[in-house]
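Participant: Contents of coords26.pdb (PDB, C-alpha atoms, pLDDT in the B column) are given next:
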ATOM      1  CA  MET A   1      -2.412   5.523 -12.732  1.00 86.00           C
ATOM      2  CA  ARG A   2       0.173   7.902 -14.112  1.00 89.00           C
ATOM      3  CA  ILE A   3      -1.894  10.811 -12.799  1.00 93.00           C
ATOM      4  CA  LEU A   4      -1.797   9.294  -9.322  1.00 94.00           C
ATOM      5  CA  LEU A   5       1.973   8.818  -9.504  1.00 95.00           C
ATOM      6  CA  ARG A   6       2.422  12.410 -10.646  1.00 95.00           C
ATOM      7  CA  ALA A   7       0.169  13.649  -7.832  1.00 96.00           C
ATOM      8  CA  ILE A   8       2.231  11.765  -5.248  1.00 97.00           C
ATOM      9  CA  ASP A   9       5.408  13.229  -6.753  1.00 96.00           C
ATOM     10  CA  ALA A  10       3.892  16.732  -6.695  1.00 97.00           C
ATOM     11  CA  LEU A  11       2.918  16.358  -3.029  1.00 97.00           C
ATOM     12  CA  SER A  12       6.409  15.087  -2.243  1.00 97.00           C
ATOM     13  CA  LEU A  13       7.926  18.102  -3.972  1.00 98.00           C
ATOM     14  CA  LEU A  14       5.578  20.416  -2.083  1.00 98.00           C
ATOM     15  CA  ALA A  15       6.649  18.794   1.184  1.00 98.00           C
ATOM     16  CA  LEU A  16      10.297  19.304   0.194  1.00 98.00           C
ATOM     17  CA  ILE A  17       9.638  22.990  -0.520  1.00 98.00           C
ATOM     18  CA  CYS A  18       7.986  23.307   2.911  1.00 98.00           C
ATOM     19  CA  ALA A  19      11.049  21.670   4.460  1.00 98.00           C
ATOM     20  CA  GLY A  20      13.244  24.218   2.688  1.00 98.00           C
ATOM     21  CA  MET A  21      11.147  27.095   3.989  1.00 98.00           C
ATOM     22  CA  ILE A  22      11.338  25.687   7.519  1.00 98.00           C
ATOM     23  CA  LEU A  23      15.122  25.473   7.127  1.00 98.00           C
ATOM     24  CA  VAL A  24      15.243  29.158   6.181  1.00 98.00           C
ATOM     25  CA  TYR A  25      13.092  29.942   9.238  1.00 98.00           C
ATOM     26  CA  ALA A  26      15.381  27.888  11.515  1.00 98.00           C
ATOM     27  CA  VAL A  27      18.522  29.644  10.322  1.00 98.00           C
ATOM     28  CA  SER A  28      16.799  33.025  10.712  1.00 98.00           C
ATOM     29  CA  HIS A  29      15.688  32.189  14.245  1.00 97.00           C
ATOM     30  CA  ILE A  30      19.203  31.117  15.204  1.00 97.00           C
ATOM     31  CA  LEU A  31      20.619  34.348  13.761  1.00 97.00           C
ATOM     32  CA  LEU A  32      17.989  36.390  15.614  1.00 97.00           C
ATOM     33  CA  GLU A  33      18.791  34.597  18.857  1.00 97.00           C
ATOM     34  CA  THR A  34      22.512  35.210  18.348  1.00 96.00           C
ATOM     35  CA  VAL A  35      21.953  38.930  17.818  1.00 97.00           C
ATOM     36  CA  LEU A  36      19.547  39.202  20.759  1.00 96.00           C
ATOM     37  CA  ARG A  37      21.933  37.437  23.130  1.00 96.00           C
ATOM     38  CA  SER A  38      25.079  39.181  21.919  1.00 95.00           C
ATOM     39  CA  LEU A  39      23.861  42.743  21.547  1.00 96.00           C
ATOM     40  CA  PHE A  40      20.793  43.068  23.758  1.00 95.00           C
ATOM     41  CA  ASP A  41      21.394  40.468  26.487  1.00 94.00           C
ATOM     42  CA  THR A  42      17.947  38.938  25.958  1.00 95.00           C
ATOM     43  CA  SER A  43      16.439  35.886  24.307  1.00 94.00           C
ATOM     44  CA  THR A  44      13.325  34.559  22.586  1.00 93.00           C
ATOM     45  CA  HIS A  45      13.290  31.762  25.219  1.00 93.00           C
ATOM     46  CA  VAL A  46      11.969  29.246  22.688  1.00 94.00           C
ATOM     47  CA  LEU A  47      14.972  28.623  20.442  1.00 95.00           C
ATOM     48  CA  ASP A  48      15.666  25.057  21.602  1.00 95.00           C
ATOM     49  CA  GLU A  49      12.072  23.952  21.253  1.00 95.00           C
ATOM     50  CA  PHE A  50      11.355  25.632  17.917  1.00 97.00           C
ATOM     51  CA  ILE A  51      14.611  24.442  16.358  1.00 97.00           C
ATOM     52  CA  GLY A  52      13.856  20.929  17.616  1.00 96.00           C
ATOM     53  CA  PHE A  53      10.429  21.053  15.977  1.00 97.00           C
ATOM     54  CA  SER A  54      12.048  22.483  12.843  1.00 97.00           C
ATOM     55  CA  VAL A  55      14.609  19.688  12.579  1.00 98.00           C
ATOM     56  CA  LEU A  56      11.845  17.128  13.100  1.00 97.00           C
ATOM     57  CA  SER A  57       9.728  18.762  10.399  1.00 97.00           C
ATOM     58  CA  ILE A  58      12.586  19.135   7.925  1.00 98.00           C
ATOM     59  CA  THR A  59      13.572  15.510   8.368  1.00 97.00           C
ATOM     60  CA  PHE A  60      10.099  14.054   7.915  1.00 97.00           C
ATOM     61  CA  LEU A  61       8.951  16.428   5.175  1.00 98.00           C
ATOM     62  CA  SER A  62      11.957  15.604   3.006  1.00 97.00           C
ATOM     63  CA  LEU A  63      11.704  11.803   3.305  1.00 97.00           C
ATOM     64  CA  SER A  64       9.234  11.176   0.477  1.00 97.00           C
ATOM     65  CA  TRP A  65      11.136  13.257  -2.081  1.00 97.00           C
ATOM     66  CA  THR A  66      14.422  11.700  -0.993  1.00 97.00           C
ATOM     67  CA  LEU A  67      12.918   8.271  -1.624  1.00 95.00           C
ATOM     68  CA  ARG A  68      11.558   9.387  -5.013  1.00 95.00           C
ATOM     69  CA  GLU A  69      14.937  10.690  -6.137  1.00 94.00           C
ATOM     70  CA  GLY A  70      16.817   7.591  -4.968  1.00 90.00           C
ATOM     71  CA  GLY A  71      18.600   9.365  -2.124  1.00 90.00           C
ATOM     72  CA  MET A  72      17.824   6.722   0.472  1.00 88.00           C
ATOM     73  CA  ILE A  73      20.641   4.390   1.387  1.00 84.00           C
ATOM     74  CA  GLN A  74      20.189   1.047  -0.332  1.00 80.00           C
ATOM     75  CA  VAL A  75      22.254  -2.025   0.356  1.00 78.00           C
ATOM     76  CA  ASN A  76      22.297  -3.683  -3.034  1.00 81.00           C
ATOM     77  CA  LEU A  77      25.465  -5.725  -2.847  1.00 81.00           C
ATOM     78  CA  LEU A  78      23.535  -8.935  -3.537  1.00 81.00           C
ATOM     79  CA  THR A  79      20.618  -7.619  -5.592  1.00 84.00           C
ATOM     80  CA  ASN A  80      22.919  -6.068  -8.211  1.00 85.00           C
ATOM     81  CA  ARG A  81      24.089  -9.572  -9.076  1.00 88.00           C
ATOM     82  CA  LEU A  82      20.550 -10.811  -9.752  1.00 89.00           C
ATOM     83  CA  PRO A  83      18.880 -10.715 -13.174  1.00 92.00           C
ATOM     84  CA  GLU A  84      16.780  -7.609 -13.831  1.00 89.00           C
ATOM     85  CA  ARG A  85      13.447  -9.427 -13.423  1.00 91.00           C
ATOM     86  CA  ALA A  86      14.530 -10.882 -10.084  1.00 91.00           C
ATOM     87  CA  GLN A  87      15.668  -7.431  -8.947  1.00 90.00           C
ATOM     88  CA  LEU A  88      12.280  -5.977  -9.863  1.00 90.00           C
ATOM     89  CA  PHE A  89      10.453  -8.793  -8.078  1.00 93.00           C
ATOM     90  CA  LEU A  90      12.570  -8.408  -4.935  1.00 92.00           C
ATOM     91  CA  GLN A  91      12.168  -4.615  -4.969  1.00 91.00           C
ATOM     92  CA  GLY A  92       8.415  -5.106  -5.265  1.00 93.00           C
ATOM     93  CA  ILE A  93       8.343  -7.471  -2.292  1.00 95.00           C
ATOM     94  CA  VAL A  94      10.488  -5.185  -0.135  1.00 93.00           C
ATOM     95  CA  GLY A  95       8.523  -2.109  -1.245  1.00 94.00           C
ATOM     96  CA  THR A  96       5.217  -3.765  -0.414  1.00 97.00           C
ATOM     97  CA  PHE A  97       6.493  -4.839   3.002  1.00 97.00           C
ATOM     98  CA  ALA A  98       7.850  -1.335   3.688  1.00 96.00           C
ATOM     99  CA  THR A  99       4.533   0.208   2.605  1.00 98.00           C
ATOM    100  CA  CYS A 100       2.586  -2.037   4.979  1.00 98.00           C
ATOM    101  CA  LEU A 101       5.010  -1.414   7.830  1.00 98.00           C
ATOM    102  CA  GLY A 102       4.873   2.348   7.202  1.00 98.00           C
ATOM    103  CA  ALA A 103       1.076   2.317   7.137  1.00 98.00           C
ATOM    104  CA  TYR A 104       1.060   0.432  10.439  1.00 98.00           C
ATOM    105  CA  PHE A 105       3.448   3.039  11.880  1.00 97.00           C
ATOM    106  CA  CYS A 106       1.058   5.780  10.729  1.00 98.00           C
ATOM    107  CA  THR A 107      -1.689   4.289  12.899  1.00 98.00           C
ATOM    108  CA  PHE A 108       0.480   4.903  15.965  1.00 98.00           C
ATOM    109  CA  LEU A 109       1.196   8.452  14.828  1.00 98.00           C
ATOM    110  CA  TRP A 110      -2.548   9.017  14.351  1.00 98.00           C
ATOM    111  CA  ARG A 111      -3.308   7.725  17.853  1.00 98.00           C
ATOM    112  CA  ASN A 112      -0.649   9.981  19.341  1.00 97.00           C
ATOM    113  CA  LEU A 113      -2.036  12.995  17.481  1.00 98.00           C
ATOM    114  CA  VAL A 114      -5.597  12.274  18.654  1.00 98.00           C
ATOM    115  CA  LYS A 115      -4.399  11.737  22.227  1.00 98.00           C
ATOM    116  CA  ASN A 116      -2.543  15.064  22.290  1.00 97.00           C
ATOM    117  CA  TRP A 117      -5.518  16.813  20.649  1.00 98.00           C
ATOM    118  CA  ASN A 118      -8.029  15.409  23.165  1.00 98.00           C
ATOM    119  CA  ARG A 119      -5.828  16.159  26.157  1.00 97.00           C
ATOM    120  CA  GLY A 120      -4.920  19.619  24.937  1.00 97.00           C
ATOM    121  CA  ALA A 121      -1.269  18.737  25.524  1.00 97.00           C
ATOM    122  CA  VAL A 122       1.175  21.595  25.117  1.00 97.00           C
ATOM    123  CA  SER A 123       4.936  21.854  25.302  1.00 95.00           C
ATOM    124  CA  GLU A 124       6.592  22.797  28.584  1.00 92.00           C
ATOM    125  CA  SER A 125       8.119  26.002  27.297  1.00 90.00           C
ATOM    126  CA  VAL A 126       6.988  29.597  27.525  1.00 92.00           C
ATOM    127  CA  ALA A 127       5.324  29.268  24.114  1.00 93.00           C
ATOM    128  CA  GLU A 128       3.154  26.291  25.163  1.00 95.00           C
ATOM    129  CA  VAL A 129       2.971  24.975  21.620  1.00 96.00           C
ATOM    130  CA  PRO A 130       0.086  22.516  21.172  1.00 97.00           C
ATOM    131  CA  LEU A 131       1.775  19.161  20.622  1.00 97.00           C
ATOM    132  CA  TRP A 132      -0.716  18.139  17.962  1.00 97.00           C
ATOM    133  CA  ILE A 133       0.984  20.574  15.561  1.00 97.00           C
ATOM    134  CA  PRO A 134       4.321  18.718  15.289  1.00 97.00           C
ATOM    135  CA  ASP A 135       2.390  15.434  15.494  1.00 97.00           C
ATOM    136  CA  LEU A 136       0.330  16.489  12.473  1.00 98.00           C
ATOM    137  CA  ILE A 137       3.435  17.384  10.463  1.00 98.00           C
ATOM    138  CA  VAL A 138       5.005  14.021  11.252  1.00 98.00           C
ATOM    139  CA  LEU A 139       1.781  12.132  10.452  1.00 98.00           C
ATOM    140  CA  VAL A 140       1.241  13.878   7.114  1.00 98.00           C
ATOM    141  CA  SER A 141       4.892  13.366   6.188  1.00 98.00           C
ATOM    142  CA  ALA A 142       4.816   9.690   7.161  1.00 98.00           C
ATOM    143  CA  CYS A 143       1.623   9.162   5.140  1.00 98.00           C
ATOM    144  CA  LEU A 144       3.282  10.834   2.172  1.00 98.00           C
ATOM    145  CA  LEU A 145       6.272   8.519   2.594  1.00 98.00           C
ATOM    146  CA  VAL A 146       3.915   5.527   2.594  1.00 98.00           C
ATOM    147  CA  LEU A 147       2.316   6.801  -0.620  1.00 98.00           C
ATOM    148  CA  GLN A 148       5.751   7.220  -2.173  1.00 97.00           C
ATOM    149  CA  LEU A 149       6.692   3.688  -1.063  1.00 97.00           C
ATOM    150  CA  ALA A 150       3.528   2.352  -2.707  1.00 97.00           C
ATOM    151  CA  ALA A 151       4.336   4.376  -5.822  1.00 96.00           C
ATOM    152  CA  SER A 152       7.820   2.868  -5.905  1.00 94.00           C
ATOM    153  CA  VAL A 153       6.211  -0.565  -6.133  1.00 94.00           C
ATOM    154  CA  ILE A 154       3.878   0.506  -8.951  1.00 94.00           C
ATOM    155  CA  ARG A 155       6.205   2.824 -10.893  1.00 92.00           C
ATOM    156  CA  PRO A 156       8.417   0.144 -12.563  1.00 88.00           C
ATOM    157  CA  PHE A 157       5.367  -1.080 -14.472  1.00 85.00           C
ATOM    158  CA  TYR A 158       5.026   2.338 -16.097  1.00 82.00           C
ATOM    159  CA  THR A 159       8.114   2.948 -18.179  1.00 64.00           C
ATOM    160  CA  GLU A 160       9.491   6.397 -18.862  1.00 59.00           C
ATOM    161  CA  THR A 161       8.142   6.287 -22.419  1.00 50.00           C
ATOM    162  CA  GLN A 162       4.628   5.805 -21.067  1.00 50.00           C
ATOM    163  CA  GLU A 163       4.984   8.756 -18.654  1.00 49.00           C
ATOM    164  CA  VAL A 164       5.851  11.247 -21.399  1.00 45.00           C
TER     165      VAL A 164
END
Written as structure tokens, that's how I'd like the structure from this file.
Facilitator:
Amino acid sequence: MRILLRAIDALSLLALICAGMILVYAVSHILLETVLRSLFDTSTHVLDEFIGFSVLSITFLSLSWTLREGGMIQVNLLTNRLPERAQLFLQGIVGTFATCLGAYFCTFLWRNLVKNWNRGAVSESVAEVPLWIPDLIVLVSACLLVLQLAASVIRPFYTETQEV
């Protein structure tokens, strides 16, 4: 089980690294567009679309690692007052519910991806980006978030001393 938890963490870290690389790309594209417009009175004509896809990708790719590192906002005003066992039980219930809800959400993402793939849907810009590409990034990221949610339910049963 510890191997599975480590694999999910490794995939989450890989997704975070991809998000970082996309961020570097986005900043570079904005700088390129600024130079092209300022100095050469021209444009790439796809800045808005590509930056939109980049922000979408960065957001979704970083979700699983953010959850793993405890960066998600948690309202624990009441749960902090509970005994530790009750906190663990409640976190397990909420984590299980969130995992199921996330998995259900992934089915909609999958259907959207298949629909765009079958239709050959492309964006309305000059680049005509196939819409299944951003759909795939969102689906993979959402599935990774679901795995990380499931891991958050399982992880408390494997103490830090066992993971070493």
Participant: So which one's closest to Glu33 (chain A), A:Cys18, A:Val138, A:Ile51, A:Leu149? Using only C-alpha atoms, please.
Facilitator: A:Ile51
Participant: Since I can't run it myself right now, could you work out what the PyMOL selection byres ((chain A and resi 63) around 9) selects here and report it as a short mmCIF file (atom, residue, chain, number, x, y, z; two decimals) with C-alpha atoms, keeping the file's coordinate frame?
Facilitator:
data_model
loop_
_atom_site.label_atom_id
_atom_site.label_comp_id
_atom_site.auth_asym_id
_atom_site.auth_seq_id
_atom_site.Cartn_x
_atom_site.Cartn_y
_atom_site.Cartn_z
CA SER A 12 6.41 15.09 -2.24
CA ALA A 15 6.65 18.79 1.18
CA LEU A 16 10.30 19.30 0.19
CA ILE A 58 12.59 19.14 7.92
CA THR A 59 13.57 15.51 8.37
CA PHE A 60 10.10 14.05 7.92
CA LEU A 61 8.95 16.43 5.18
CA SER A 62 11.96 15.60 3.01
CA SER A 64 9.23 11.18 0.48
CA TRP A 65 11.14 13.26 -2.08
CA THR A 66 14.42 11.70 -0.99
CA LEU A 67 12.92 8.27 -1.62
CA ARG A 68 11.56 9.39 -5.01
CA MET A 72 17.82 6.72 0.47
CA SER A 141 4.89 13.37 6.19
CA ALA A 142 4.82 9.69 7.16
CA LEU A 144 3.28 10.83 2.17
CA LEU A 145 6.27 8.52 2.59
#
Participant: Distance CA of Asn80 (chain A)-CA of Pro156 (chain A), one decimal place?
Facilitator: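 Computing the Euclidean distance for CA of Asn80 (chain A) and CA of Pro156 (chain A) yields 16.4 Å.
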Participant: Could you check the closest approach to Gly20 (chain A) for each of A:Leu47, A:Val55, A:Phe108, A:Leu36 and tell me which residue wins, using all atoms listed in the file?
Facilitator: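 The shortest atom-to-atom distance to Gly20 (chain A) comes from A:Val55.
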Participant: Out of A:Val24, A:Val75, A:Leu147, A:Leu32, which residue has the shortest atom-to-atom distance to Ala98 (chain A) when counting all atoms listed in the file?
Facilitator: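 Using all atoms listed in the file, the shortest distance to Ala98 (chain A) belongs to A:Leu147.
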Participant: In Å, with one decimal, what is the gap from CA of Glu128 (chain A) to CA of Phe105 (chain A)?
Facilitator: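 The value is 26.8 Å.
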Participant: Evaluate the PyMOL selection byres ((chain A and resi 43) around 12) here and jot the selected residues down as a CSV table (one decimal) with C-alpha atoms, in the frame of the given file.
Facilitator:
chain,number,residue,atom,x,y,z
A,29,HIS,CA,15.7,32.2,14.2
A,30,ILE,CA,19.2,31.1,15.2
A,31,LEU,CA,20.6,34.3,13.8
A,32,LEU,CA,18.0,36.4,15.6
A,33,GLU,CA,18.8,34.6,18.9
A,34,THR,CA,22.5,35.2,18.3
A,35,VAL,CA,22.0,38.9,17.8
A,36,LEU,CA,19.5,39.2,20.8
A,37,ARG,CA,21.9,37.4,23.1
A,38,SER,CA,25.1,39.2,21.9
A,39,LEU,CA,23.9,42.7,21.5
A,40,PHE,CA,20.8,43.1,23.8
A,41,ASP,CA,21.4,40.5,26.5
A,42,THR,CA,17.9,38.9,26.0
A,44,THR,CA,13.3,34.6,22.6
A,45,HIS,CA,13.3,31.8,25.2
A,46,VAL,CA,12.0,29.2,22.7
A,47,LEU,CA,15.0,28.6,20.4
A,48,ASP,CA,15.7,25.1,21.6
A,126,VAL,CA,7.0,29.6,27.5
Participant: Run through the PyMOL selection byres ((chain A and resi 91) around 12) on the given coordinates and return the selected residues as a list in words.
Facilitator: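 When the PyMOL selection byres ((chain A and resi 91) around 12) is applied to the shown file, the picked residues are Gln74, Val75, Asn76, Thr79, Asn80, Leu82, Glu84, Arg85, Ala86, Gln87, Leu88, Phe89, Leu90, Gly92, Ile93, Val94, Gly95, Thr96, Phe97, Ala98, Thr99, Leu149, Ala150, Ala151, Ser152, Val153, Ile154, Arg155 and Pro156 of chain A.
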Participant: Which neighbours of Trp132 (chain A) fall inside 9 Å, counting all atoms listed in the file, when residues of the same chain fewer than 4 positions from it are skipped, and could you give them as a list in words?
Facilitator: Asn112, Leu113, Val114, Lys115, Asn116, Trp117, Gly120, Ala121, Val122, Leu136 and Ile137 of chain A
Participant: Which of these, A:Ser54, A:Ala10, A:Ile17, A:Ile3, has the shortest distance to Ile133 (chain A) once you count all atoms listed in the file?
Facilitator: A:Ser54
Participant: What does the structure give for the distance between CA of Asp135 (chain A) and CA of Ala103 (chain A), in Å to one decimal?
Facilitator: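 Atom-to-atom, CA of Asp135 (chain A) and CA of Ala103 (chain A) are spaced 15.6 Å apart.
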Participant: Smallest atom-to-atom distance to Cys100 (chain A): which of A:Phe157, A:Val146, A:Leu14, A:Leu139, using all atoms listed in the file?
Facilitator: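 Of A:Phe157, A:Val146, A:Leu14, A:Leu139, the one nearest Cys100 (chain A) is A:Val146, counting all atoms listed in the file.
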Participant: So, counting all atoms listed in the file, which residue among A:Thr107, A:Leu4, A:Leu101, A:Tyr25 is closest to Phe53 (chain A)?
Facilitator: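 The answer is A:Tyr25, which sits nearest to Phe53 (chain A).
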Participant: Starting from the incomplete input, reconstruct N, CA, C and O atoms of region 94-111 of chain A and write that as a CSV table (one decimal), in the coordinates of the input.
Facilitator:
chain,number,residue,atom,x,y,z
A,94,VAL,N,10.0,-6.1,-1.2
A,94,VAL,CA,10.5,-5.2,-0.1
A,94,VAL,C,9.7,-3.9,-0.1
A,94,VAL,O,9.3,-3.4,1.0
A,95,GLY,N,9.3,-3.3,-1.2
A,95,GLY,CA,8.5,-2.1,-1.2
A,95,GLY,C,7.1,-2.3,-0.7
A,95,GLY,O,6.6,-1.5,0.1
A,96,THR,N,6.5,-3.4,-1.0
A,96,THR,CA,5.2,-3.8,-0.4
A,96,THR,C,5.3,-3.9,1.1
A,96,THR,O,4.4,-3.4,1.8
A,97,PHE,N,6.3,-4.7,1.6
A,97,PHE,CA,6.5,-4.8,3.0
A,97,PHE,C,6.7,-3.5,3.7
A,97,PHE,O,6.1,-3.2,4.7
A,98,ALA,N,7.6,-2.7,3.1
A,98,ALA,CA,7.8,-1.3,3.7
A,98,ALA,C,6.6,-0.5,3.7
A,98,ALA,O,6.4,0.3,4.7
A,99,THR,N,5.8,-0.6,2.7
A,99,THR,CA,4.5,0.2,2.6
A,99,THR,C,3.6,-0.2,3.7
A,99,THR,O,3.0,0.6,4.4
A,100,CYS,N,3.5,-1.5,3.9
A,100,CYS,CA,2.6,-2.0,5.0
A,100,CYS,C,3.1,-1.7,6.4
A,100,CYS,O,2.3,-1.2,7.2
A,101,LEU,N,4.4,-1.8,6.5
A,101,LEU,CA,5.0,-1.4,7.8
A,101,LEU,C,4.8,0.1,8.1
A,101,LEU,O,4.5,0.5,9.2
A,102,GLY,N,5.0,0.9,7.1
A,102,GLY,CA,4.9,2.3,7.2
A,102,GLY,C,3.4,2.7,7.5
A,102,GLY,O,3.2,3.6,8.3
A,103,ALA,N,2.5,2.1,6.9
A,103,ALA,CA,1.1,2.3,7.1
A,103,ALA,C,0.7,1.9,8.6
A,103,ALA,O,0.0,2.7,9.3
A,104,TYR,N,1.3,0.8,9.1
A,104,TYR,CA,1.1,0.4,10.4
A,104,TYR,C,1.6,1.5,11.4
A,104,TYR,O,1.0,1.8,12.4
A,105,PHE,N,2.8,2.0,11.1
A,105,PHE,CA,3.4,3.0,11.9
A,105,PHE,C,2.6,4.3,11.9
A,105,PHE,O,2.5,5.0,12.9
A,106,CYS,N,1.9,4.6,10.8
A,106,CYS,CA,1.1,5.8,10.7
A,106,CYS,C,-0.1,5.7,11.7
A,106,CYS,O,-0.6,6.7,12.2
A,107,THR,N,-0.6,4.4,11.9
A,107,THR,CA,-1.7,4.3,12.9
A,107,THR,C,-1.3,4.7,14.3
A,107,THR,O,-2.1,5.3,15.0
A,108,PHE,N,0.0,4.5,14.7
A,108,PHE,CA,0.5,4.9,16.0
A,108,PHE,C,0.6,6.4,16.0
A,108,PHE,O,0.3,7.1,17.0
A,109,LEU,N,1.1,7.0,14.9
A,109,LEU,CA,1.2,8.5,14.8
A,109,LEU,C,-0.2,9.1,14.9
A,109,LEU,O,-0.3,10.1,15.6
A,110,TRP,N,-1.2,8.5,14.3
A,110,TRP,CA,-2.5,9.0,14.4
A,110,TRP,C,-3.1,9.0,15.8
A,110,TRP,O,-3.6,9.9,16.3
A,111,ARG,N,-2.9,7.8,16.5
A,111,ARG,CA,-3.3,7.7,17.9
A,111,ARG,C,-2.6,8.8,18.7
A,111,ARG,O,-3.3,9.3,19.6
